[in-house]
>>> print(open('model.cif').read())   # mmCIF, C-alpha atoms
data_entry
loop_
_atom_site.label_atom_id
_atom_site.label_comp_id
_atom_site.auth_asym_id
_atom_site.auth_seq_id
_atom_site.Cartn_x
_atom_site.Cartn_y
_atom_site.Cartn_z
CA MET A 1 -19.29 -11.31 16.04
CA ALA A 2 -15.65 -10.57 15.30
CA ARG A 3 -14.79 -9.18 11.90
CA VAL A 4 -11.92 -11.20 10.43
CA LEU A 5 -9.61 -9.73 7.79
CA LEU A 6 -7.05 -11.69 5.78
CA PHE A 7 -4.19 -10.08 3.86
CA GLY A 8 -1.75 -11.08 1.13
CA ARG A 9 -1.41 -14.77 0.32
CA LEU A 10 -3.72 -15.72 3.22
CA ALA A 11 -6.68 -14.08 1.44
CA ASP A 12 -5.75 -15.83 -1.83
CA GLN A 13 -5.52 -19.17 -0.06
CA ALA A 14 -8.82 -18.76 1.81
CA GLY A 15 -10.73 -17.31 -1.14
CA TRP A 16 -12.12 -14.51 1.07
CA ARG A 17 -10.68 -11.49 2.83
CA ASP A 18 -13.39 -10.17 5.11
CA ARG A 19 -16.04 -12.01 7.08
CA SER A 20 -17.70 -12.25 10.49
CA VAL A 21 -17.08 -15.11 12.91
CA GLU A 22 -18.59 -15.75 16.33
CA ALA A 23 -15.72 -16.15 18.84
CA ARG A 24 -14.96 -14.95 22.37
CA ASP A 25 -11.21 -15.11 22.05
CA LEU A 26 -8.46 -15.68 19.53
CA SER A 27 -8.09 -19.40 20.12
CA ALA A 28 -11.84 -19.94 19.64
CA LEU A 29 -11.61 -17.90 16.45
CA ARG A 30 -8.65 -19.91 15.17
CA ALA A 31 -10.49 -23.15 16.00
CA ALA A 32 -13.64 -21.99 14.18
CA LEU A 33 -11.67 -21.04 11.08
CA ALA A 34 -9.62 -24.27 11.11
CA ASP A 35 -12.77 -26.33 11.60
CA GLU A 36 -14.10 -25.00 8.32
CA ASP A 37 -10.81 -24.94 6.39
CA ALA A 38 -7.98 -26.99 7.91
CA GLY A 39 -5.40 -25.67 5.42
CA LEU A 40 -6.25 -22.10 6.33
CA GLY A 41 -6.08 -22.92 10.04
CA GLU A 42 -2.57 -24.23 9.51
CA ALA A 43 -1.55 -21.20 7.43
CA LEU A 44 -2.85 -18.79 10.10
CA ALA A 45 -0.75 -20.56 12.75
CA ALA A 46 2.43 -20.60 10.63
CA PRO A 47 5.53 -18.76 11.85
CA GLY A 48 5.71 -15.20 10.56
CA VAL A 49 1.95 -14.66 10.53
CA GLN A 50 1.11 -11.82 12.92
CA VAL A 51 -2.28 -10.98 14.41
CA ALA A 52 -3.71 -7.53 15.04
CA VAL A 53 -6.80 -6.96 17.16
CA ASP A 54 -8.41 -3.59 16.50
CA LYS A 55 -5.29 -2.61 14.51
CA VAL A 56 -2.85 -3.36 17.37
CA LEU A 57 -0.46 -6.32 17.11
CA VAL A 58 -1.04 -8.99 19.76
CA ARG A 59 0.99 -12.04 20.74
CA GLY A 60 -0.67 -15.21 21.99
CA GLU A 61 -4.20 -15.14 23.39
CA ALA A 62 -6.56 -12.19 23.40
CA ALA A 63 -10.19 -11.78 24.39
CA LEU A 64 -12.41 -10.45 21.61
CA ALA A 65 -15.06 -7.81 22.19
CA ALA A 66 -18.30 -8.21 20.27
CA SER A 67 -17.22 -5.82 17.51
CA ALA A 68 -13.50 -6.72 17.47
CA GLU A 69 -11.59 -6.54 14.20
CA VAL A 70 -9.04 -9.34 13.88
CA ALA A 71 -6.48 -9.15 11.09
CA PHE A 72 -4.12 -11.98 10.08
CA LEU A 73 -0.97 -10.51 8.56
CA PRO A 74 1.44 -12.70 6.58
CA PRO A 75 5.10 -11.59 6.39
CA MET A 76 5.15 -7.99 5.21
CA SER A 77 6.80 -7.27 1.91
CA GLY A 78 7.53 -3.59 2.27
CA GLY A 79 6.39 -1.24 -0.46
CA MET B 1 3.75 15.56 8.91
CA LYS B 2 1.57 14.06 6.19
CA ILE B 3 1.18 10.34 5.52
CA ALA B 4 -1.12 9.16 2.74
CA LEU B 5 -2.02 5.93 1.00
CA THR B 6 -3.66 6.38 -2.37
CA ASP B 7 -4.99 4.08 -5.06
CA LEU B 8 -4.71 6.83 -7.69
CA PRO B 9 -1.59 7.80 -9.68
CA PHE B 10 0.15 10.92 -8.36
CA GLU B 11 2.41 13.53 -9.93
CA PRO B 12 5.68 13.78 -7.94
CA GLY B 13 6.59 17.26 -9.22
CA ALA B 14 3.40 18.77 -7.86
CA LEU B 15 4.11 17.18 -4.47
CA VAL B 16 7.65 18.64 -4.38
CA THR B 17 6.36 22.11 -5.24
CA ALA B 18 3.70 21.99 -2.55
CA PHE B 19 6.12 20.56 0.03
CA CYS B 20 8.66 23.37 -0.59
CA ALA B 21 6.10 26.18 -0.38
CA ASP B 22 6.13 28.69 2.49
CA ARG B 23 9.34 27.65 4.22
CA SER B 24 11.53 30.42 5.52
CA GLU B 25 13.63 28.37 7.97
CA THR B 26 14.17 25.24 5.86
CA GLY B 27 17.62 25.01 4.31
CA ALA B 28 17.18 21.59 2.71
CA VAL B 29 14.43 19.47 1.22
CA ALA B 30 15.37 15.95 0.11
CA THR B 31 12.93 13.88 -1.92
CA PHE B 32 12.79 10.34 -3.20
CA VAL B 33 10.45 8.92 -5.83
CA GLY B 34 10.23 5.17 -6.36
CA LEU B 35 8.89 3.95 -9.72
CA ALA B 36 7.51 0.56 -10.71
CA ARG B 37 9.98 -1.36 -12.93
CA ALA B 38 8.88 -3.36 -15.95
CA GLU B 39 11.66 -5.97 -15.35
CA GLN B 40 12.09 -6.38 -19.13
CA GLY B 41 8.42 -7.21 -19.53
CA ALA B 42 8.36 -9.81 -16.74
CA ALA B 43 6.30 -7.49 -14.54
CA ALA B 44 3.10 -6.36 -16.23
CA ALA B 45 1.90 -4.72 -13.03
CA LEU B 46 2.45 -4.58 -9.30
CA GLU B 47 -0.35 -4.89 -6.83
CA LEU B 48 0.19 -3.48 -3.36
CA GLU B 49 -2.13 -4.27 -0.53
CA ALA B 50 -2.21 -2.24 2.69
CA TYR B 51 -4.28 -2.41 5.86
CA PRO B 52 -5.78 1.07 6.06
CA GLY B 53 -5.53 2.48 9.58
CA PHE B 54 -2.74 0.04 10.44
CA THR B 55 -0.29 0.59 7.57
CA ASP B 56 -0.53 4.39 7.70
CA ALA B 57 -0.22 4.34 11.51
CA ALA B 58 2.96 2.23 11.23
CA ILE B 59 4.42 4.65 8.66
CA ALA B 60 3.47 7.65 10.84
CA GLU B 61 5.27 6.02 13.78
CA ILE B 62 8.51 5.58 11.80
CA ALA B 63 8.17 9.09 10.34
CA ALA B 64 7.93 10.46 13.88
CA LYS B 65 11.13 8.54 14.71
CA ALA B 66 12.83 10.11 11.68
CA VAL B 67 11.73 13.58 12.80
CA ALA B 68 13.28 13.03 16.24
CA ARG B 69 16.43 11.27 15.03
CA PHE B 70 17.30 13.66 12.20
CA HIS B 71 15.82 16.87 13.66
CA LEU B 72 13.42 17.25 10.76
CA GLN B 73 11.13 20.21 10.41
CA ASP B 74 8.67 18.25 8.31
CA VAL B 75 8.15 14.98 6.49
CA GLN B 76 5.71 13.68 3.89
CA VAL B 77 5.11 10.14 2.65
CA VAL B 78 2.71 9.26 -0.17
CA HIS B 79 2.41 5.57 -1.03
CA ARG B 80 0.41 3.98 -3.82
CA ILE B 81 -1.72 0.94 -3.15
CA GLY B 82 -3.69 -1.21 -5.56
CA ARG B 83 -2.56 -1.98 -9.08
CA ILE B 84 0.47 -0.02 -10.34
CA ALA B 85 1.70 -0.04 -13.94
CA PRO B 86 5.43 0.05 -14.88
CA GLY B 87 6.72 3.61 -14.92
CA GLU B 88 4.21 4.89 -12.41
CA ALA B 89 5.37 6.36 -9.11
CA ILE B 90 4.89 4.01 -6.16
CA VAL B 91 6.26 6.10 -3.34
CA PHE B 92 7.14 9.72 -2.62
CA VAL B 93 9.15 10.76 0.42
CA ALA B 94 10.08 14.34 1.27
CA THR B 95 12.04 15.56 4.27
CA ALA B 96 12.69 19.14 5.35
CA ALA B 97 15.54 20.15 7.63
CA GLY B 98 17.72 23.10 8.47
CA HIS B 99 20.66 21.54 6.61
CA ARG B 100 21.10 18.99 3.86
CA ARG B 101 22.77 16.08 5.71
CA GLU B 102 19.77 15.51 7.99
CA ALA B 103 17.34 15.77 5.06
CA PHE B 104 19.30 13.24 2.94
CA GLU B 105 19.81 10.76 5.76
CA ALA B 106 16.20 10.90 6.93
CA CYS B 107 14.99 10.27 3.39
CA ASP B 108 17.34 7.25 3.09
CA PHE B 109 16.23 5.96 6.53
CA LEU B 110 12.54 6.24 5.64
CA MET B 111 12.98 4.47 2.30
CA ASP B 112 14.91 1.58 3.88
CA TYR B 113 12.05 1.14 6.34
CA LEU B 114 9.36 1.45 3.67
CA LYS B 115 11.07 -1.08 1.38
CA SER B 116 11.69 -3.75 3.99
CA ARG B 117 9.42 -3.47 7.02
CA ALA B 118 6.34 -1.41 6.21
CA PRO B 119 3.08 -3.36 6.37
CA PHE B 120 2.39 -3.89 2.69
CA TRP B 121 1.82 -7.09 0.75
CA LYS B 122 3.13 -7.03 -2.78
CA LYS B 123 2.07 -9.13 -5.71
CA GLU B 124 3.71 -9.12 -9.13
CA HIS B 125 1.58 -9.83 -12.18
CA GLY B 126 3.98 -11.17 -14.82
CA SER B 127 4.01 -13.05 -18.09
CA ASP B 128 4.31 -16.33 -16.14
CA GLY B 129 1.49 -15.63 -13.70
CA VAL B 130 1.21 -14.04 -10.31
CA ARG B 131 3.62 -14.22 -7.37
CA TRP B 132 3.83 -12.71 -3.90
CA ILE B 133 7.05 -10.82 -3.27
CA GLU B 134 8.98 -10.63 0.00
CA PRO B 135 11.83 -8.25 0.88
CA THR B 136 15.21 -9.13 -0.65
CA ASP B 137 18.30 -9.76 1.49
CA ARG B 138 19.56 -6.43 0.23
CA ASP B 139 16.40 -4.68 1.48
CA ARG B 140 16.92 -6.27 4.90
CA THR B 141 20.62 -5.41 5.22
CA ASP B 142 19.90 -1.85 4.02
CA ALA B 143 17.33 -1.48 6.80
CA GLN B 144 19.72 -2.94 9.41
CA ARG B 145 22.15 -0.06 8.79
CA TRP B 146 19.93 2.12 11.00
CA ASP B 147 19.36 -0.31 13.90
#
>>> encode(input="model.cif", output="structure tokens")
Amino acid sequence: MARVLLFGRLADQAGWRDRSVEARDLSALRAALADEDAGLGEALAAPGVQVAVDKVLVRGEAALAASAEVAFLPPMSGG
Amino acid sequence: MKIALTDLPFEPGALVTAFCADRSETGAVATFVGLARAEQGAAAALELEAYPGFTDAAIAEIAAKAVARFHLQDVQVVHRIGRIAPGEAIVFVATAAGHRREAFEACDFLMDYLKSRAPFWKKEHGSDGVRWIEPTDRDRTDAQRWD
């Protein structure tokens, strides 16, 4: 199970910020999330939303280890 | 080098005193303290969200760049997260160098990064509800000065 974290407006939109999802790679994870909440699936794929796997930014596809932590990061605001 | 995220209010003066202690080869310490503005009552509170382990690592990376670029002897960044009331300190940056120019410039460089590119998500709680804030054009052009 991958642990999925949402930040900023993505967490507000989804109504959750931390949950576990069964997925072998990022595209399966995106599909699982979109299947349940199409609006969220669209928001996660929007330009400017970055993805970090185990706290490292990734572009495109990535395999997910059983205990992977996947974070969806909307545009950063600075402090 | 010390980088910290905290959800508790901090006292900037105490941080300056501690940062300046026991330095025999430091000629200059520059500090910056950012405070939360009330915006004439429009902003009842700010809420800053970070990704612990990711946000502090990103700040540490840019602090290491500042050390190399401005020949710093030391640097400290303390950043509030969570809910912040107007008048409270949001961020503290201190830089130590042999001479003042490097200390000033490194402090400016770090603040431009922190205000525009650091991985935080900022929400303003105001009289007309809640809104997510993104960097202003000014924040972006300030940061581009160092590219």
>>> resolve_selection(input="model.cif", expression="the PyMOL selection byres ((chain A) within 10 of (chain B))", output="list of chain:residue names")
A:Leu5, A:Leu6, A:Phe7, A:Gly8, A:Arg9, A:Ala52, A:Asp54, A:Lys55, A:Val56, A:Leu57, A:Ala71, A:Leu73, A:Pro74, A:Pro75, A:Met76, A:Ser77, A:Gly78, A:Gly79
>>> atom_distance(input="model.cif", atom1="atom CA of Ala2 of chain A", atom2="atom CA of Glu22 of chain A")
6.0 Å
>>> resolve_selection(input="model.cif", expression="the PyMOL selection byres ((chain A and resi 29) around 12)", output="VMD selection string")
chain A and resid 1 to 4 19 to 28 30 to 36 41 44 to 45 51 53 61 to 64 68 to 72
>>> resolve_selection(input="model.cif", expression="the PyMOL selection byres ((chain B and resi 5-21) around 7)", output="list in words")
Ala4, Asp22, Arg23, Val78, His79, Arg80, Ile81, Gly82, Ala89 and Phe92 of chain B
>>> atom_distance(input="model.cif", atom1="atom CA of Ala14 of chain A", atom2="atom CA of Leu40 of chain A")
6.2 Å
>>> atom_distance(input="model.cif", atom1="atom CA of Asp142 of chain B", atom2="atom CA of Met1 of chain B")
24.2 Å
>>> closest_residue(input="model.cif", among="B:Gln144, B:Val77, B:Asp108, B:Ala42", to="Ala58 of chain B", atoms="all atoms listed in the file")
B:Val77
>>> axis_aligned_box(input="model.cif", around="segment 22-37 of chain A", padding_each_side="5 Å", output="AutoDock Vina command-line options")
--center_x -13.3 --center_y -20.6 --center_z 14.4 --size_x 20.5 --size_y 21.4 --size_z 26.0
>>> build_atoms(input="model.cif", residues="segment 6-17 of chain A", atoms="all heavy atoms", output="tab-separated table (two decimals), in the coordinates of the input")
chain	number	residue	atom	x	y	z
A	6	LEU	N	-8.25	-10.97	6.23
A	6	LEU	CA	-7.05	-11.69	5.78
A	6	LEU	C	-6.32	-10.82	4.76
A	6	LEU	O	-6.95	-10.15	3.95
A	6	LEU	CB	-7.42	-13.02	5.12
A	6	LEU	CG	-8.23	-14.01	5.95
A	6	LEU	CD1	-8.45	-15.29	5.14
A	6	LEU	CD2	-7.53	-14.34	7.26
A	7	PHE	N	-4.99	-10.87	4.79
A	7	PHE	CA	-4.19	-10.08	3.86
A	7	PHE	C	-3.24	-10.97	3.06
A	7	PHE	O	-2.92	-12.09	3.48
A	7	PHE	CB	-3.40	-9.01	4.62
A	7	PHE	CG	-4.29	-7.92	5.15
A	7	PHE	CD1	-4.91	-8.04	6.38
A	7	PHE	CD2	-4.56	-6.79	4.39
A	7	PHE	CE1	-5.77	-7.06	6.86
A	7	PHE	CE2	-5.41	-5.81	4.85
A	7	PHE	CZ	-6.01	-5.94	6.09
A	8	GLY	N	-2.78	-10.43	1.93
A	8	GLY	CA	-1.75	-11.08	1.13
A	8	GLY	C	-2.15	-12.49	0.72
A	8	GLY	O	-3.30	-12.76	0.39
A	9	ARG	N	-1.17	-13.41	0.80
A	9	ARG	CA	-1.41	-14.77	0.32
A	9	ARG	C	-2.46	-15.50	1.14
A	9	ARG	O	-3.06	-16.47	0.67
A	9	ARG	CB	-0.10	-15.56	0.28
A	9	ARG	CG	0.63	-15.64	1.59
A	9	ARG	CD	1.89	-16.51	1.48
A	9	ARG	NE	2.78	-16.34	2.61
A	9	ARG	CZ	2.55	-16.84	3.83
A	9	ARG	NH1	1.47	-17.55	4.07
A	9	ARG	NH2	3.42	-16.62	4.80
A	10	LEU	N	-2.69	-15.06	2.40
A	10	LEU	CA	-3.72	-15.72	3.22
A	10	LEU	C	-5.11	-15.54	2.61
A	10	LEU	O	-5.92	-16.47	2.60
A	10	LEU	CB	-3.70	-15.15	4.64
A	10	LEU	CG	-2.43	-15.43	5.45
A	10	LEU	CD1	-2.48	-14.69	6.78
A	10	LEU	CD2	-2.27	-16.94	5.70
A	11	ALA	N	-5.38	-14.34	2.08
A	11	ALA	CA	-6.68	-14.08	1.44
A	11	ALA	C	-6.81	-14.90	0.16
A	11	ALA	O	-7.88	-15.46	-0.12
A	11	ALA	CB	-6.83	-12.59	1.13
A	12	ASP	N	-5.72	-15.01	-0.59
A	12	ASP	CA	-5.75	-15.83	-1.83
A	12	ASP	C	-6.04	-17.28	-1.48
A	12	ASP	O	-6.84	-17.94	-2.13
A	12	ASP	CB	-4.40	-15.76	-2.55
A	12	ASP	CG	-4.27	-14.49	-3.39
A	12	ASP	OD1	-5.20	-13.66	-3.33
A	12	ASP	OD2	-3.25	-14.35	-4.08
A	13	GLN	N	-5.35	-17.77	-0.45
A	13	GLN	CA	-5.52	-19.17	-0.06
A	13	GLN	C	-6.95	-19.45	0.41
A	13	GLN	O	-7.56	-20.46	0.03
A	13	GLN	CB	-4.53	-19.52	1.06
A	13	GLN	CG	-4.74	-20.95	1.58
A	13	GLN	CD	-3.74	-21.35	2.65
A	13	GLN	OE1	-2.72	-20.69	2.86
A	13	GLN	NE2	-4.01	-22.45	3.32
A	14	ALA	N	-7.49	-18.53	1.22
A	14	ALA	CA	-8.82	-18.76	1.81
A	14	ALA	C	-9.93	-18.55	0.78
A	14	ALA	O	-11.00	-19.13	0.88
A	14	ALA	CB	-9.02	-17.82	2.99
A	15	GLY	N	-9.68	-17.65	-0.19
A	15	GLY	CA	-10.73	-17.31	-1.14
A	15	GLY	C	-11.68	-16.26	-0.59
A	15	GLY	O	-12.73	-16.00	-1.16
A	16	TRP	N	-11.35	-15.64	0.54
A	16	TRP	CA	-12.12	-14.51	1.07
A	16	TRP	C	-11.16	-13.61	1.84
A	16	TRP	O	-10.04	-14.02	2.17
A	16	TRP	CB	-13.26	-14.99	1.99
A	16	TRP	CG	-12.85	-15.88	3.13
A	16	TRP	CD1	-12.77	-17.23	3.12
A	16	TRP	CD2	-12.44	-15.47	4.45
A	16	TRP	NE1	-12.35	-17.70	4.34
A	16	TRP	CE2	-12.15	-16.64	5.18
A	16	TRP	CE3	-12.30	-14.23	5.08
A	16	TRP	CZ2	-11.72	-16.61	6.51
A	16	TRP	CZ3	-11.88	-14.20	6.41
A	16	TRP	CH2	-11.60	-15.38	7.10
A	17	ARG	N	-11.58	-12.38	2.09
A	17	ARG	CA	-10.68	-11.49	2.83
A	17	ARG	C	-11.37	-10.77	3.98
A	17	ARG	O	-10.72	-10.04	4.74
A	17	ARG	CB	-10.00	-10.48	1.90
A	17	ARG	CG	-10.91	-9.63	1.03
A	17	ARG	CD	-10.09	-8.73	0.12
A	17	ARG	NE	-9.20	-9.50	-0.74
A	17	ARG	CZ	-7.86	-9.46	-0.67
A	17	ARG	NH1	-7.26	-8.65	0.15
A	17	ARG	NH2	-7.16	-10.21	-1.47
